[in-house]
file entry.txt (compact mmCIF, C-alpha atoms)
# COMPACT_ATOMS: atom_id res chain seq x y z
CA MET R 1 -22.66 15.93 -24.52
CA LYS R 2 -25.75 13.98 -25.50
CA ASP R 3 -27.96 15.74 -22.99
CA THR R 4 -27.10 19.15 -24.47
CA GLU R 5 -27.73 18.41 -28.14
CA VAL R 6 -30.32 20.54 -29.95
CA LYS R 7 -33.65 18.79 -30.09
CA SER R 8 -34.79 17.55 -33.49
CA ILE R 9 -35.82 20.36 -35.83
CA ARG R 10 -39.38 21.36 -35.09
CA LYS R 11 -42.05 21.08 -37.76
CA PHE R 12 -43.57 24.52 -37.89
CA ASP R 13 -46.72 23.16 -39.56
CA ASN R 14 -47.53 21.49 -36.25
CA ILE R 15 -47.05 24.61 -34.12
CA PRO R 16 -50.09 26.92 -33.67
CA TYR R 17 -49.59 30.32 -35.31
CA ALA R 18 -49.84 32.12 -31.98
CA LYS R 19 -46.86 30.11 -30.70
CA ARG R 20 -44.62 30.60 -33.75
CA GLN R 21 -45.75 34.02 -35.00
CA PHE R 22 -42.67 35.83 -33.70
CA VAL R 23 -39.23 34.25 -33.93
CA LEU R 24 -35.70 35.24 -33.00
CA VAL R 25 -32.75 33.33 -34.44
CA LEU R 26 -29.93 32.57 -31.99
CA ASP R 27 -26.75 30.51 -31.98
CA ASP R 28 -27.30 26.76 -31.64
CA LYS R 29 -25.50 26.66 -28.28
CA VAL R 30 -27.84 29.27 -26.83
CA ILE R 31 -30.87 27.26 -27.93
CA GLU R 32 -29.35 24.10 -26.41
CA ALA R 33 -29.00 25.92 -23.10
CA GLU R 34 -32.54 27.32 -23.26
CA ASN R 35 -34.00 23.87 -24.00
CA ILE R 36 -32.31 22.44 -20.90
CA ALA R 37 -33.45 25.45 -18.87
CA LYS R 38 -37.06 24.85 -19.96
CA GLU R 39 -36.83 21.19 -18.90
CA ARG R 40 -35.51 22.19 -15.48
CA ALA R 41 -38.21 24.82 -15.09
CA LYS R 42 -40.86 22.22 -15.90
CA LYS R 43 -39.48 19.78 -13.31
CA GLU R 44 -39.33 22.47 -10.63
CA GLY R 45 -42.82 23.82 -11.31
CA GLN R 46 -41.50 26.99 -12.97
CA LYS R 47 -42.75 26.24 -16.50
CA SER R 48 -44.06 29.77 -17.17
CA ASN R 49 -41.40 31.60 -15.16
CA TRP R 50 -39.43 33.26 -17.96
CA LYS R 51 -37.06 34.98 -15.53
CA PHE R 52 -36.07 31.61 -14.07
CA ILE R 53 -35.58 30.15 -17.58
CA GLY R 54 -33.47 33.13 -18.63
CA GLN R 55 -31.25 32.86 -15.52
CA VAL R 56 -30.67 29.13 -15.98
CA THR R 57 -29.90 29.64 -19.68
CA LEU R 58 -27.20 32.18 -18.85
CA ALA R 59 -25.79 29.97 -16.11
CA LEU R 60 -25.51 27.00 -18.44
CA LEU R 61 -23.53 29.18 -20.83
CA GLY R 62 -21.19 30.27 -18.04
CA ILE R 63 -22.42 33.86 -18.21
CA ALA R 64 -24.13 34.12 -14.82
CA ALA R 65 -24.16 32.32 -11.49
CA GLY R 66 -26.67 29.53 -11.20
CA PRO R 67 -27.17 25.77 -11.11
CA PRO R 68 -24.30 23.55 -12.30
CA GLY R 69 -24.13 22.20 -15.85
CA ILE R 70 -22.13 24.80 -17.76
CA LEU R 71 -22.10 24.03 -21.50
CA VAL R 72 -19.38 26.34 -22.73
CA THR R 73 -17.22 29.22 -21.56
CA LEU R 74 -17.51 32.26 -23.81
CA PRO R 75 -15.20 35.27 -24.32
CA ALA R 76 -16.26 38.30 -22.31
CA ALA R 77 -17.48 40.31 -25.34
CA ALA R 78 -19.56 37.44 -26.71
CA ALA R 79 -20.94 36.66 -23.26
CA LEU R 80 -22.09 40.26 -22.83
CA ILE R 81 -23.91 40.26 -26.19
CA ILE R 82 -25.68 36.98 -25.44
CA LYS R 83 -26.65 38.20 -21.96
CA ASP R 84 -28.24 41.33 -23.45
CA VAL R 85 -30.22 39.24 -25.97
CA VAL R 86 -31.43 36.71 -23.37
CA ASP R 87 -32.40 39.54 -21.01
CA SER R 88 -34.30 41.27 -23.83
CA VAL R 89 -36.19 38.08 -24.72
CA THR R 90 -37.01 37.53 -21.05
CA PHE R 91 -38.31 41.10 -20.75
CA ILE R 92 -40.60 40.78 -23.77
CA ARG R 93 -41.89 37.38 -22.71
CA THR R 94 -42.71 38.58 -19.20
CA HIS R 95 -44.75 41.38 -20.80
CA GLY R 96 -47.02 38.97 -22.63
CA ILE R 97 -45.34 38.72 -26.05
CA ASP R 98 -44.55 35.11 -26.91
CA ILE R 99 -41.32 34.93 -28.90
CA LEU R 100 -40.13 31.60 -30.22
CA THR R 101 -36.35 31.37 -30.18
CA ILE R 102 -34.92 29.07 -32.85
CA SER R 103 -31.42 27.92 -33.75
CA ARG R 104 -29.46 28.82 -36.87
CA THR R 105 -29.86 25.19 -37.91
CA GLU R 106 -33.65 25.37 -37.60
CA SER R 107 -33.79 28.67 -39.50
CA LYS R 108 -32.47 26.91 -42.62
CA SER R 109 -35.82 25.12 -42.96
CA LEU R 110 -37.66 28.47 -43.17
CA ILE R 111 -37.85 31.18 -45.84
CA PHE R 112 -36.47 34.62 -44.93
CA PRO R 113 -35.84 37.69 -47.12
CA PRO R 114 -32.49 37.70 -48.99
CA GLY R 115 -29.60 38.25 -46.57
CA HIS R 116 -31.64 37.24 -43.53
CA PRO R 117 -31.98 36.16 -40.75
CA LEU R 118 -29.87 38.78 -38.99
CA ASN R 119 -28.74 38.89 -35.37
CA ASN R 120 -31.13 40.47 -32.85
CA VAL R 121 -33.91 40.98 -35.43
CA ILE R 122 -37.42 39.77 -34.62
CA TYR R 123 -39.33 38.18 -37.51
CA ALA R 124 -43.08 37.66 -37.94
CA GLY R 125 -44.50 34.59 -39.67
CA HIS R 126 -46.78 34.73 -42.68
CA PRO R 127 -50.36 34.12 -41.43
CA THR R 128 -51.13 31.48 -44.09
CA ASN R 129 -47.70 29.93 -44.81
CA SER R 130 -45.74 28.40 -41.93
CA LYS R 131 -42.45 28.55 -43.86
CA ILE R 132 -42.29 32.29 -44.65
CA TYR R 133 -40.99 34.94 -42.22
CA TYR R 134 -40.57 38.70 -42.63
CA SER R 135 -38.91 41.31 -40.43
CA LEU R 136 -41.40 43.17 -38.24
CA ALA R 137 -40.73 46.40 -40.16
CA ASP R 138 -41.71 44.86 -43.52
CA PHE R 139 -44.38 42.43 -42.33
CA HIS R 140 -47.52 44.29 -43.46
CA MET R 141 -46.19 45.35 -46.85
CA ARG R 142 -44.94 41.85 -47.66
CA VAL R 143 -48.13 40.08 -46.55
CA PHE R 144 -50.25 42.56 -48.50
CA GLU R 145 -47.98 42.07 -51.53
CA HIS R 146 -48.39 38.29 -51.25
CA LYS R 147 -52.19 38.59 -51.19
CA PHE R 148 -52.21 41.04 -54.10
CA ILE R 149 -50.06 38.78 -56.28
CA GLU R 150 -52.33 35.81 -55.55
CA ALA R 151 -55.39 37.82 -56.62
CA ILE R 152 -53.68 38.87 -59.86
CA ASN R 153 -52.52 35.31 -60.61
CA LEU R 154 -56.07 34.08 -60.03
CA LEU R 155 -57.47 36.58 -62.54
CA ILE R 156 -54.78 35.73 -65.09
CA GLY R 157 -55.54 32.04 -64.65
CA LEU R 158 -59.23 32.71 -65.25
CA GLY R 159 -58.40 34.46 -68.52
CA ALA R 160 -58.44 38.18 -67.71
CA THR R 161 -57.63 40.41 -70.70
CA MET R 162 -57.79 43.70 -68.79
CA VAL R 163 -57.25 44.45 -65.10
CA ASN R 164 -57.63 47.88 -63.50
CA VAL R 165 -56.57 48.29 -59.87
CA GLU R 166 -57.72 51.23 -57.79
CA SER R 167 -57.02 52.21 -54.20
CA VAL R 168 -60.33 52.78 -52.42
CA GLU R 169 -58.93 52.97 -48.89
CA GLY R 170 -55.53 52.57 -47.25
CA TYR R 171 -52.36 51.97 -49.26
CA THR R 172 -51.85 54.15 -52.34
CA ARG R 173 -49.31 53.84 -55.13
CA GLU R 174 -46.82 55.99 -53.17
CA ASP R 175 -47.16 53.75 -50.11
CA THR R 176 -46.44 50.61 -52.12
CA ARG R 177 -43.35 51.72 -54.04
CA SER R 178 -41.25 49.17 -52.17
CA ILE R 179 -43.38 46.18 -53.14
CA ASN R 180 -43.70 44.25 -56.37
CA LEU R 181 -46.92 45.26 -58.12
CA SER R 182 -45.85 43.94 -61.51
CA ILE R 183 -47.33 40.97 -63.31
CA PRO R 184 -45.50 38.51 -65.57
CA ILE R 185 -47.16 39.40 -68.89
CA GLY R 186 -48.94 42.25 -70.64
CA SER R 187 -48.50 46.00 -70.66
CA VAL R 188 -48.92 48.09 -67.53
CA GLU R 189 -49.93 51.72 -67.26
CA ALA R 190 -50.64 53.84 -64.19
CA GLY R 191 -52.48 57.12 -63.72
CA VAL R 192 -55.18 58.99 -61.85
CA GLN R 193 -58.85 58.47 -62.60
CA TYR R 194 -61.88 60.48 -61.54
CA ASP R 195 -64.81 58.67 -59.95
CA LYS R 196 -67.91 60.75 -60.63
CA ASP R 197 -70.18 58.62 -58.43
CA ARG R 198 -68.23 59.46 -55.28
CA SER R 199 -66.97 62.83 -56.49
CA LYS R 200 -63.39 62.24 -55.45
CA LEU R 201 -60.09 61.30 -56.97
CA GLN R 202 -59.16 57.68 -56.96
CA GLN R 203 -55.62 56.72 -57.68
CA ALA R 204 -55.18 53.94 -60.19
CA ILE R 205 -52.48 51.58 -58.98
CA TYR R 206 -52.17 50.24 -62.51
CA THR R 207 -54.04 49.04 -65.58
CA ALA R 208 -52.86 45.86 -67.29
CA THR R 209 -53.77 44.57 -70.77
CA LEU R 210 -53.25 40.83 -71.30
CA GLU R 211 -53.38 38.35 -74.15
CA PRO R 212 -56.49 36.08 -74.38
CA LYS R 213 -56.05 32.47 -73.26
CA GLU R 214 -57.71 29.25 -74.32
CA ASP R 215 -57.60 27.77 -70.81
CA ILE R 216 -59.28 28.55 -67.50
CA ILE R 217 -56.93 27.52 -64.72
CA LEU R 218 -57.06 27.86 -60.96
CA PRO R 219 -53.43 28.47 -59.88
CA ASP R 220 -51.82 25.93 -57.57
CA ASN R 221 -50.77 26.66 -53.98
CA MET R 222 -53.23 29.50 -53.33
CA VAL R 223 -53.44 30.27 -49.60
CA TRP R 224 -55.84 33.24 -49.47
CA TYR R 225 -58.42 31.86 -51.91
CA SER R 226 -60.12 29.52 -49.42
CA HIS R 227 -60.72 32.51 -47.08
CA GLU R 228 -62.22 34.77 -49.78
CA PRO R 229 -65.85 33.83 -50.70
CA THR R 230 -66.10 36.61 -53.31
CA TRP R 231 -62.96 35.35 -55.10
CA GLN R 232 -64.46 31.85 -55.15
CA GLN R 233 -67.74 33.19 -56.51
CA ILE R 234 -65.99 34.97 -59.39
CA ALA R 235 -63.95 31.84 -60.19
CA LYS R 236 -67.07 29.64 -60.31
CA ALA R 237 -68.99 32.16 -62.42
CA ARG R 238 -66.10 32.31 -64.86
CA GLN R 239 -65.65 28.53 -65.00
CA PHE R 240 -69.28 27.49 -65.29
CA SER R 241 -71.14 30.52 -66.61
CA GLY R 242 -68.59 32.23 -68.88
CA LEU R 243 -68.38 35.44 -66.80
CA LYS R 244 -67.19 38.31 -69.03
CA GLU R 245 -66.53 41.12 -66.52
CA PHE R 246 -65.44 41.12 -62.89
CA SER R 247 -65.14 43.38 -59.86
CA LEU R 248 -63.06 41.91 -57.06
CA LYS R 249 -62.22 43.37 -53.65
CA LEU R 250 -58.77 43.04 -52.12
CA ASP R 251 -59.16 43.62 -48.37
CA TYR R 252 -56.41 43.77 -45.76
CA ASN R 253 -58.07 44.47 -42.42
CA ASP R 254 -56.09 42.57 -39.77
CA ASP R 255 -52.88 43.78 -38.16
CA PHE R 256 -52.11 40.27 -36.79
CA GLY R 257 -50.76 41.84 -33.61
CA VAL R 258 -47.94 43.61 -35.47
CA ASN R 259 -48.79 47.11 -34.34
CA ALA R 260 -47.58 50.19 -32.48
CA LYS R 261 -47.89 48.42 -29.12
CA LEU R 262 -45.52 45.67 -30.24
CA PHE R 263 -43.05 48.14 -31.76
CA ALA R 264 -43.02 50.16 -28.53
CA ARG R 265 -42.29 47.05 -26.46
CA VAL R 266 -39.44 45.98 -28.75
CA SER R 267 -37.95 49.49 -28.62
CA GLU R 268 -37.51 49.08 -24.85
CA THR R 269 -35.03 46.25 -25.47
CA GLY R 270 -31.83 45.76 -27.43
CA LEU R 271 -33.72 43.87 -30.15
CA ASP R 272 -34.53 45.22 -33.61
CA ILE R 273 -37.55 45.23 -35.93
CA GLY R 274 -35.35 45.00 -39.02
CA GLY R 275 -35.84 48.41 -40.61
CA ARG R 276 -37.92 51.55 -40.58
CA ILE R 277 -41.40 51.17 -39.11
CA LYS R 278 -44.13 50.96 -41.76
CA ASP R 279 -47.45 51.54 -40.04
CA TYR R 280 -50.31 49.14 -40.63
CA GLN R 281 -53.14 50.49 -42.78
CA SER R 282 -56.56 48.92 -43.16
CA THR R 283 -56.72 48.65 -46.94
CA ASN R 284 -59.35 48.04 -49.62
CA TRP R 285 -58.41 47.89 -53.29
CA LYS R 286 -60.82 47.32 -56.16
CA LEU R 287 -59.80 45.10 -59.08
CA GLU R 288 -62.04 45.44 -62.13
CA GLY R 289 -61.72 44.23 -65.69
CA LYS R 290 -62.76 41.87 -68.44
CA PHE R 291 -62.25 38.22 -69.28
CA SER R 292 -61.60 36.85 -72.75
CA GLU R 293 -64.47 35.49 -74.81
CA THR R 294 -64.76 31.73 -74.48
CA GLY R 295 -66.11 29.19 -76.93
CA LYS R 296 -67.18 25.79 -75.77
CA MET R 297 -65.01 24.73 -72.85
CA TYR R 298 -64.17 21.20 -71.79
CA ARG R 299 -62.88 19.90 -68.50
CA CYS R 300 -59.27 18.76 -68.77
CA LYS R 301 -59.04 14.95 -69.21
CA TRP R 302 -55.85 14.54 -67.18
CA LYS R 303 -56.03 12.38 -64.05
CA SER R 304 -53.54 12.09 -61.21
CA GLU R 305 -52.07 8.81 -60.01
CA THR R 306 -54.86 8.65 -57.44
CA GLY R 307 -57.51 9.03 -60.15
CA GLU R 308 -58.42 12.64 -59.33
CA ARG R 309 -59.33 14.57 -62.47
CA CYS R 310 -57.96 18.01 -63.26
CA LYS R 311 -60.50 20.80 -62.63
CA ASN R 312 -59.15 23.21 -65.26
CA LEU R 313 -61.21 24.05 -68.37
CA THR R 314 -59.88 24.30 -71.91
CA SER R 315 -61.10 25.00 -75.44
CA HIS R 316 -58.21 23.02 -76.96
CA PRO R 317 -59.47 20.20 -79.22
CA GLY R 318 -57.34 17.66 -77.38
CA ARG R 319 -59.27 18.47 -74.18
CA TYR R 320 -56.12 18.83 -72.09
CA CYS R 321 -55.33 22.13 -70.37
CA ILE R 322 -52.00 23.84 -70.98
CA LEU R 323 -50.55 22.31 -67.81
CA HIS R 324 -51.21 18.76 -69.03
CA ARG R 325 -51.07 19.13 -72.81
CA GLU R 326 -48.00 16.91 -73.06
CA HIS R 327 -50.29 14.01 -72.07
CA ILE R 328 -52.30 14.22 -75.31
CA LYS R 329 -52.16 10.90 -77.15
CA LYS R 330 -51.25 11.66 -80.74
CA GLU R 331 -54.25 9.82 -82.18
CA GLU R 332 -56.76 10.83 -79.52
CA ILE R 333 -57.68 14.17 -81.08
CA PHE R 334 -58.99 12.37 -84.18
CA GLU R 335 -61.54 10.28 -82.35
CA GLY R 336 -65.27 10.85 -81.86
CA SER R 337 -67.11 14.13 -82.32
CA LEU R 338 -63.96 16.23 -82.43
CA LYS R 339 -62.84 14.80 -85.77
CA LYS R 340 -64.52 17.48 -87.91
CA LYS R 341 -63.44 20.27 -85.62
CA VAL R 342 -59.83 19.15 -85.79
CA LYS R 343 -59.94 19.13 -89.59
CA ARG R 344 -61.21 22.71 -89.59
CA ILE R 345 -58.32 23.95 -87.49
CA SER R 346 -55.64 21.60 -88.80
CA ARG R 347 -53.72 24.46 -90.40
CA ARG R 348 -53.62 26.43 -87.19
CA ILE R 349 -52.06 23.57 -85.20
CA HIS R 350 -50.04 22.25 -88.20
CA ILE R 351 -51.49 18.73 -88.45
CA ILE R 352 -50.02 16.71 -91.34
CA GLN R 353 -49.97 13.13 -92.58
CA CYS R 354 -47.15 10.99 -91.25
CA SER R 355 -44.20 10.92 -93.69
CA ALA R 356 -43.11 7.37 -92.79
CA THR R 357 -43.75 4.32 -95.01
CA SER R 358 -44.86 0.87 -93.92
CA LYS R 359 -43.06 -2.41 -94.60
CA LYS R 360 -45.28 -2.83 -97.66
CA GLY R 361 -44.05 0.47 -99.04
CA LYS R 362 -47.28 2.37 -98.39
CA ARG R 363 -47.34 5.76 -96.65
CA CYS R 364 -48.62 5.81 -93.09
CA LYS R 365 -52.17 7.17 -92.87
CA ARG R 366 -51.89 8.55 -89.35
CA LYS R 367 -51.99 12.30 -88.68
CA THR R 368 -49.50 14.15 -86.53
CA TYR R 369 -48.42 17.61 -85.41
CA ASN R 370 -44.94 16.37 -84.46
CA PRO R 371 -42.25 18.73 -85.94
CA SER R 372 -40.43 15.63 -87.25
CA GLY R 373 -43.39 14.85 -89.53
CA LYS R 374 -43.78 11.36 -88.08
CA CYS R 375 -46.59 9.89 -85.97
CA TRP R 376 -46.08 8.55 -82.48
CA GLN R 377 -45.33 5.00 -83.69
CA HIS R 378 -42.78 5.90 -86.38
CA GLU R 379 -41.14 8.51 -84.14
CA LEU R 380 -39.84 5.68 -81.94
call {"tool": "encode", "arguments": {"input": "entry.txt", "output": "structure tokens"}}
result
Amino acid sequence: MKDTEVKSIRKFDNIPYAKRQFVLVLDDKVIEAENIAKERAKKEGQKSNWKFIGQVTLALLGIAAGPPGILVTLPAAAALIIKDVVDSVTFIRTHGIDILTISRTESKSLIFPPGHPLNNVIYAGHPTNSKIYYSLADFHMRVFEHKFIEAINLLIGLGATMVNVESVEGYTREDTRSINLSIPIGSVEAGVQYDKDRSKLQQAIYTATLEPKEDIILPDNMVWYSHEPTWQQIAKARQFSGLKEFSLKLDYNDDFGVNAKLFARVSETGLDIGGRIKDYQSTNWKLEGKFSETGKMYRCKWKSETGERCKNLTSHPGRYCILHREHIKKEEIFEGSLKKKVKRISRRIHIIQCSATSKKGKRCKRKTYNPSGKCWQHEL
């Protein structure tokens, strides 16, 4: 039936966070019925009457008496399960909690934890990424983990050689055992340190030692960075003033409405939060450490197709950052003022004279660091 088909998959980027924060995944047929019920409610002036919408939805599925237009007849057991879910959603909505019900088909366009989404489990959306959803039980830990990892990746990109993370308030190492506090490189040690200034124990989440880098790179796809002025200040000081040491705060002070009140309301229904309740904690961690020493840095020469130049800095003689180093023209590093510098470090980057011979029998005079021993022209 054309009039009962699921509407085109919604673009969650276009839906305000308050309207898509909480989702429940249901069978496509149930969503078809609810969509029709919402249209009828709108026509009859019952747009915000969730009880009316719930009743019409059940009637369309052949589960309860109501207006004509039954979509499908369900087995008794399945009908009872769906009725309980629809009644639970109606109850929560009538008590001021806006839950967005989505179809299994729509859920495929979103990112859930492995093995999810599950039946009857309510999920909460990531506050800065419209694609990511976590179960209510894990929401705070996963969002905090996401913010922590972004902070660490930022410091690594800026060239941190040592990072020490301490819990000042809120989550401690024991609280965060279930989340990923590791970083991709370096050695990690954890322990307890004594803070003489405040005369109390502070638990070190970990200390990481990293290898120096020749590039200063702002990671792509950061979502918290634009909301953190202190992070931006450290990045600018590192990029333009050669900052050597840093002290960065990692704050998590918003419960985003995922709190005891919400858990209590869900517990009154047949719906689930997806695990054991992990209470929200206002948290402040301190990230301190050192950056690598930098020589003269150059802005990366790479440009996008639209002409926008890369903002990363590099000390590499080719003046391309590590992300765009494959764009170095083989002869470019021998031009201009860099010529002498390149000669001084030729051994380190293995620059040799091209081994090819010309048509006249003379050896090519170009230089190359190609493993084949041939310059760009004779490599072809």
call {"tool": "closest_residue", "arguments": {"input": "entry.txt", "among": "R:Ser88, R:Ser358, R:Gln21, R:Asn284", "to": "R:Glu268", "atoms": "all atoms listed in the file"}}
result
R:Ser88
call {"tool": "closest_residue", "arguments": {"input": "entry.txt", "among": "R:Gly318, R:Gly125, R:Gly361, R:Gly170", "to": "R:Lys286", "atoms": "only C-alpha atoms"}}
result
R:Gly170
call {"tool": "atom_distance", "arguments": {"input": "entry.txt", "atom1": "atom CA of R:Glu145", "atom2": "atom CA of R:Leu26"}}
result
28.2 Å
call {"tool": "residues_near_point", "arguments": {"input": "entry.txt", "point": "(-54.2, 20.4, -73.6)", "cutoff": "10 Å", "atoms": "only C-alpha atoms", "output": "number ranges by chain"}}
result
R: 214-215, 300-302, 313-328
call {"tool": "residues_around", "arguments": {"input": "entry.txt", "residues": "R:Glu150", "least_positions_apart": "5", "cutoff": "9 Å", "atoms": "all atoms listed in the file", "output": "ChimeraX atom specification"}}
result
/R:145,155,219,222-225
call {"tool": "residues_around", "arguments": {"input": "entry.txt", "residues": "stretch 102-111 of chain R", "least_positions_apart": "5", "cutoff": "9 Å", "atoms": "all atoms listed in the file", "output": "compact mmCIF listing (two decimals) with C-alpha atoms, in the coordinates of the input"}}
result
# COMPACT_ATOMS: atom_id res chain seq x y z
CA VAL R 6 -30.32 20.54 -29.95
CA SER R 8 -34.79 17.55 -33.49
CA ILE R 9 -35.82 20.36 -35.83
CA ARG R 10 -39.38 21.36 -35.09
CA PHE R 12 -43.57 24.52 -37.89
CA VAL R 23 -39.23 34.25 -33.93
CA LEU R 24 -35.70 35.24 -33.00
CA VAL R 25 -32.75 33.33 -34.44
CA LEU R 26 -29.93 32.57 -31.99
CA ASP R 27 -26.75 30.51 -31.98
CA ASP R 28 -27.30 26.76 -31.64
CA LYS R 29 -25.50 26.66 -28.28
CA VAL R 30 -27.84 29.27 -26.83
CA ILE R 31 -30.87 27.26 -27.93
CA GLU R 32 -29.35 24.10 -26.41
CA HIS R 116 -31.64 37.24 -43.53
CA PRO R 117 -31.98 36.16 -40.75
CA SER R 130 -45.74 28.40 -41.93
CA LYS R 131 -42.45 28.55 -43.86
CA ILE R 132 -42.29 32.29 -44.65
CA TYR R 133 -40.99 34.94 -42.22
CA TYR R 134 -40.57 38.70 -42.63
call {"tool": "atom_distance", "arguments": {"input": "entry.txt", "atom1": "atom CA of R:Gln232", "atom2": "atom CA of R:Leu158"}}
result
11.4 Å
call {"tool": "axis_aligned_box", "arguments": {"input": "entry.txt", "around": "stretch 284-297 of chain R", "padding_each_side": "4 Å", "output": "lines of an AutoDock Vina configuration file"}}
result
center_x = -62.8
center_y = 36.4
center_z = -63.3
size_x = 16.8
size_y = 31.3
size_z = 35.3
call {"tool": "residues_near_point", "arguments": {"input": "entry.txt", "point": "(-57.1, 50.5, -57.2)", "cutoff": "7 Å", "atoms": "only C-alpha atoms", "output": "PyMOL selection string"}}
result
chain R and resi 164-168+203-205+285-287
call {"tool": "decode", "arguments": {"input": "entry.txt", "residues": "stretch 80-91 of chain R", "atoms": "N, CA and C atoms", "output": "mmCIF file, in the first residue's frame"}}
result
data_model
loop_
_atom_site.group_PDB
_atom_site.id
_atom_site.type_symbol
_atom_site.label_atom_id
_atom_site.label_comp_id
_atom_site.auth_asym_id
_atom_site.auth_seq_id
_atom_site.Cartn_x
_atom_site.Cartn_y
_atom_site.Cartn_z
ATOM 1 N N LEU R 80 0.877 -8.473 21.593
ATOM 2 C CA LEU R 80 0.967 -8.076 22.999
ATOM 3 C C LEU R 80 2.269 -7.330 23.276
ATOM 4 N N ILE R 81 3.364 -7.792 22.688
ATOM 5 C CA ILE R 81 4.661 -7.136 22.879
ATOM 6 C C ILE R 81 4.635 -5.717 22.308
ATOM 7 N N ILE R 82 4.099 -5.584 21.089
ATOM 8 C CA ILE R 82 4.047 -4.273 20.450
ATOM 9 C C ILE R 82 3.148 -3.332 21.237
ATOM 10 N N LYS R 83 2.024 -3.858 21.736
ATOM 11 C CA LYS R 83 1.110 -3.020 22.537
ATOM 12 C C LYS R 83 1.817 -2.485 23.779
ATOM 13 N N ASP R 84 2.589 -3.339 24.448
ATOM 14 C CA ASP R 84 3.313 -2.902 25.647
ATOM 15 C C ASP R 84 4.315 -1.790 25.310
ATOM 16 N N VAL R 85 5.018 -1.945 24.174
ATOM 17 C CA VAL R 85 6.009 -0.947 23.778
ATOM 18 C C VAL R 85 5.337 0.382 23.434
ATOM 19 N N VAL R 86 4.271 0.328 22.632
ATOM 20 C CA VAL R 86 3.563 1.554 22.243
ATOM 21 C C VAL R 86 2.974 2.239 23.471
ATOM 22 N N ASP R 87 2.430 1.462 24.387
ATOM 23 C CA ASP R 87 1.877 2.035 25.622
ATOM 24 C C ASP R 87 2.979 2.696 26.459
ATOM 25 N N SER R 88 4.148 2.055 26.496
ATOM 26 C CA SER R 88 5.274 2.613 27.265
ATOM 27 C C SER R 88 5.746 3.928 26.662
ATOM 28 N N VAL R 89 5.855 3.969 25.327
ATOM 29 C CA VAL R 89 6.269 5.193 24.643
ATOM 30 C C VAL R 89 5.249 6.305 24.882
ATOM 31 N N THR R 90 3.974 5.947 24.816
ATOM 32 C CA THR R 90 2.913 6.930 25.062
ATOM 33 C C THR R 90 3.019 7.489 26.471
ATOM 34 N N PHE R 91 3.258 6.618 27.446
ATOM 35 C CA PHE R 91 3.368 7.025 28.843
ATOM 36 C C PHE R 91 4.508 8.033 29.019
#
